[in-house]
Amino acid sequence: MITVKPFFALRPHGDFVEECAALPYDVMSSEEARTEVEGKPYSFLHIDKAEIDLDSNVNIYDEQVYAKASSNLKEFEDKGVYINDSKKRYYFYRQIMDGRAQTGIVGCASIDDYLENRIKKHEFTRADKEIDRIKHVDTCSAHTGPIFLTYKDSATLDEIIAKQTEKTPMYDFTSDDGIRHTVWATDDKSVDEAIEKGFSSLDALYIADGHHRAASAVKVGVKRRQENPDYNGNEEFNFFLSVIFPSKSLKILDYNRLIKDMNGLTPDEFLSIISKRVGTVEQFEDLGQYRPEGPHTVGIYVNKKWYKVKFYEEICSADSPVDRLDCAILQKNVLSAILGIEDPRSDRRIDFAGGIRGLEYLEERCNQDMVMAIAMYPTSLDELISVADSGAVMPPKSTWFEPKLRSGILIHKI
């Protein structure tokens, strides 16, 4: 049984929503954020990455940064840029990118569902990143960025989404990157009750993206429970802001690898070893770029040439859902065994690029600071759910979701 509650949203006045809405804090550097907010005094980046309003010498984890985020949020409220909604509601958030739409329900998920593993994870988190968002949420007393969740299947929730999104939206705008964002709100208690009941019939939710935000929100909730031993479970800190999508509407892009050196091998030596141990090798010199068209296939770009590598069946037949993933097969049989990259989280000889950047970006990097690129076939939602259901975690950089949820459209105050 899953609990998802409606909430009193803090949200932009309609005149400001397009300026306020911003990409998540963790997809850009401080320098990129400073450039992004030029001419945008009410961009949510002033809250999510408040170091941009301080001297560039200030450490991004300095206490000044969290204090500035909190004061900026209060200033935006005081100026009427953000308004408090008049009643608890659920919301519906649709994004359309390249003609493909995904629509999720915005509500507040239970920290108990997270703690008791009814909200399932597929990634490890890093303590330093958790601490940053814990301080941010606790100081702002708000969940400023939604967690991206998904569910397997619910005809009830799908029907509610379809009906409610036929109505006049609260917000409807297109961001600078061409993605259309539309938001609706419930205005009928019976609809709220149906949504809550629809979620309660599910056995699990799955984190698609936002593991660090989720872990941090939960730890702030636990902290506030300790600070308020008489809590009754209904306080807002017992819940965290989420956008929850049906899995069938989501798309995972490829998450590609860039290699700095070949561990003493020449390209020909490397490809020869690949052919003997890993899979068949086919040169794509006359056909241009190679994008993998199915699982257990990767593209390798080296020495200004593309190669198609189809993994041998014997290295793909593991029992574990994790070990069957292409990124795990690649890590074990190529990155570790041949290139000596044992820990891709910390080894500086490897970098990663989300598929949104395209194959041209991989070629550019190989002409600059890398010697080889490996183009992956995207992990599927079914694979993600299978790994999460098994209680395991995926290798790092296994999934890249697009479009990214915008922060600053709906905020949950705690």
# chains A, B, ... in the order shown; residues from 1 in each chain; ligands from 1
>>> residues_around(residues="A:Gly299", least_positions_apart="2", cutoff="9 Å", atoms="only C-alpha atoms", output="list in words")
Gln289, Tyr290, Arg291, Pro292, Thr297, Tyr301, Trp306, Tyr307, Lys308, Val309, Lys310, Ala373, Ile374, Ala375, Met376 and Tyr377 of chain A
>>> select_by_dssp(residues="stretch 117-215 of chain A", states="strand (DSSP E)", output="list in words")
Ile119, Lys120, Ala142, His143, Ile147, Phe148, Leu149, Thr150, Tyr151, Tyr171, Asp172, Phe173, Thr174, Arg180, His181, Thr182, Val183, Trp184, Ala185, Leu205, Tyr206, Ile207, Ala208 and Asp209 of chain A
>>> write_last_selection(atoms="C-alpha atoms", output="PDB file, in the first residue's frame")
ATOM      1  CA  ILE A 119       9.645   3.169  -2.762  1.00  0.00           C
ATOM      2  CA  LYS A 120      12.401   1.198  -4.429  1.00  0.00           C
ATOM      3  CA  ALA A 142      11.015  23.192   1.749  1.00  0.00           C
ATOM      4  CA  HIS A 143      11.406  20.506  -0.876  1.00  0.00           C
ATOM      5  CA  ILE A 147      11.682  13.385  -7.006  1.00  0.00           C
ATOM      6  CA  PHE A 148      11.058  11.566 -10.287  1.00  0.00           C
ATOM      7  CA  LEU A 149       9.072   8.402  -9.469  1.00  0.00           C
ATOM      8  CA  THR A 150       7.296   5.813 -11.601  1.00  0.00           C
ATOM      9  CA  TYR A 151       4.795   2.993 -11.213  1.00  0.00           C
ATOM     10  CA  TYR A 171       0.430  26.803 -16.505  1.00  0.00           C
ATOM     11  CA  ASP A 172       1.390  26.166 -20.116  1.00  0.00           C
ATOM     12  CA  PHE A 173       4.713  27.364 -21.521  1.00  0.00           C
ATOM     13  CA  THR A 174       7.640  26.274 -23.660  1.00  0.00           C
ATOM     14  CA  ARG A 180       6.575  22.269 -23.473  1.00  0.00           C
ATOM     15  CA  HIS A 181       5.512  22.242 -19.822  1.00  0.00           C
ATOM     16  CA  THR A 182       1.837  22.094 -18.812  1.00  0.00           C
ATOM     17  CA  VAL A 183       0.429  21.908 -15.289  1.00  0.00           C
ATOM     18  CA  TRP A 184      -3.114  21.231 -14.106  1.00  0.00           C
ATOM     19  CA  ALA A 185      -4.518  21.159 -10.550  1.00  0.00           C
ATOM     20  CA  LEU A 205       6.845   3.059  -6.509  1.00  0.00           C
ATOM     21  CA  TYR A 206      10.267   3.248  -8.160  1.00  0.00           C
ATOM     22  CA  ILE A 207      12.784   6.090  -8.164  1.00  0.00           C
ATOM     23  CA  ALA A 208      13.562   6.871 -11.771  1.00  0.00           C
ATOM     24  CA  ASP A 209      15.771   9.886 -11.055  1.00  0.00           C
TER      25      ASP A 209
END
>>> residues_around(residues="A:Glu51", least_positions_apart="4", cutoff="12 Å", atoms="only C-alpha atoms", output="CSV table (one decimal) with C-alpha atoms, in the first residue's frame")
chain,number,residue,atom,x,y,z
A,25,TYR,CA,20.6,22.0,-9.6
A,29,SER,CA,28.0,23.8,-12.8
A,30,SER,CA,27.9,27.1,-10.8
A,31,GLU,CA,29.5,28.9,-13.7
A,32,GLU,CA,26.9,27.5,-16.1
A,33,ALA,CA,24.1,28.6,-13.6
A,34,ARG,CA,25.5,32.1,-13.4
A,45,LEU,CA,18.5,28.7,-9.7
A,46,HIS,CA,18.8,31.6,-7.3
A,47,ILE,CA,17.4,29.2,-4.7
A,55,ASP,CA,31.3,35.8,-4.4
A,56,SER,CA,32.7,33.1,-6.6
A,57,ASN,CA,35.3,32.3,-4.0
A,58,VAL,CA,32.7,31.0,-1.6
A,59,ASN,CA,32.6,27.2,-1.4
A,60,ILE,CA,29.4,25.8,-2.8
A,61,TYR,CA,28.9,23.9,0.5
A,62,ASP,CA,29.4,26.9,2.8
A,63,GLU,CA,26.7,27.7,5.3
A,64,GLN,CA,26.3,31.1,3.5
A,65,VAL,CA,24.9,29.3,0.5
A,66,TYR,CA,22.1,27.6,2.4
A,67,ALA,CA,21.2,30.8,4.2
A,68,LYS,CA,21.1,32.7,0.9
A,69,ALA,CA,18.8,30.0,-0.6
A,70,SER,CA,16.4,30.5,2.3
A,72,ASN,CA,16.0,34.2,-1.7
A,136,HIS,CA,19.4,22.9,1.7
>>> atom_distance(atom1="atom CA of A:Ile273", atom2="atom CA of A:Asn333")
10.5 Å
>>> closest_residue(among="A:Phe352, A:Phe199, A:Phe76, A:Tyr91", to="A:Ala155", atoms="only C-alpha atoms")
A:Phe199
>>> atom_distance(atom1="atom CA of A:Thr103", atom2="atom CA of A:Ser200")
19.4 Å
>>> closest_residue(among="A:Val298, A:Leu250, A:Ile259, A:Ile315", to="A:Ala353", atoms="only C-alpha atoms")
A:Ile259
>>> residues_around(residues="A:Asp98", least_positions_apart="3", cutoff="12 Å", atoms="only C-alpha atoms", output="ChimeraX atom specification")
/A:95,101-102,177-180,251,356,402-403
>>> select_by_dssp(residues="stretch 57-239 of chain A", states="helix (DSSP H, G or I)", output="PyMOL selection string")
chain A and resi 63-78+111-115+127-140+155-164+189-200+211-227+236-238
>>> residues_around(residues="stretch 216-227 of chain A", least_positions_apart="6", cutoff="9 Å", atoms="only C-alpha atoms", output="NGL selection string")
:A and (110-112 or 114-115 or 129-135 or 137-138 or 143 or 233 or 236-241 or 414)
>>> atom_distance(atom1="atom CA of A:Ile329", atom2="atom CA of A:Arg257")
13.4 Å
>>> residues_around(residues="A:Ser275", least_positions_apart="6", cutoff="10 Å", atoms="only C-alpha atoms", output="mmCIF file with N, CA and C atoms, in the first residue's frame")
data_model
loop_
_atom_site.group_PDB
_atom_site.id
_atom_site.type_symbol
_atom_site.label_atom_id
_atom_site.label_comp_id
_atom_site.auth_asym_id
_atom_site.auth_seq_id
_atom_site.Cartn_x
_atom_site.Cartn_y
_atom_site.Cartn_z
ATOM 1 N N GLU A 269 45.267 -3.316 -31.239
ATOM 2 C CA GLU A 269 45.418 -4.328 -30.197
ATOM 3 C C GLU A 269 44.154 -4.441 -29.359
ATOM 4 N N VAL A 281 33.313 -7.741 -34.119
ATOM 5 C CA VAL A 281 33.667 -6.350 -34.404
ATOM 6 C C VAL A 281 33.439 -6.074 -35.883
ATOM 7 N N GLU A 282 32.648 -5.032 -36.173
ATOM 8 C CA GLU A 282 32.360 -4.649 -37.557
ATOM 9 C C GLU A 282 32.659 -3.175 -37.726
ATOM 10 N N VAL A 309 30.078 -3.471 -32.066
ATOM 11 C CA VAL A 309 30.478 -4.657 -31.304
ATOM 12 C C VAL A 309 29.218 -5.340 -30.767
ATOM 13 N N LYS A 310 29.014 -6.573 -31.173
ATOM 14 C CA LYS A 310 27.895 -7.388 -30.681
ATOM 15 C C LYS A 310 28.442 -8.389 -29.683
ATOM 16 N N PHE A 311 28.012 -8.284 -28.408
ATOM 17 C CA PHE A 311 28.543 -9.148 -27.355
ATOM 18 C C PHE A 311 28.271 -10.622 -27.665
ATOM 19 N N TYR A 312 29.241 -11.455 -27.321
ATOM 20 C CA TYR A 312 29.039 -12.901 -27.437
ATOM 21 C C TYR A 312 28.005 -13.350 -26.413
#
>>> closest_residue(among="A:Met262, A:Met372, A:Val37, A:Val4", to="A:Asp53", atoms="only C-alpha atoms")
A:Val37
>>> closest_residue(among="A:Leu410, A:Val106, A:Trp400, A:Asp153", to="A:His13", atoms="only C-alpha atoms")
A:Leu410
>>> closest_residue(among="A:Arg406, A:Arg349, A:Lys167, A:Lys304", to="A:Leu258", atoms="only C-alpha atoms")
A:Arg349
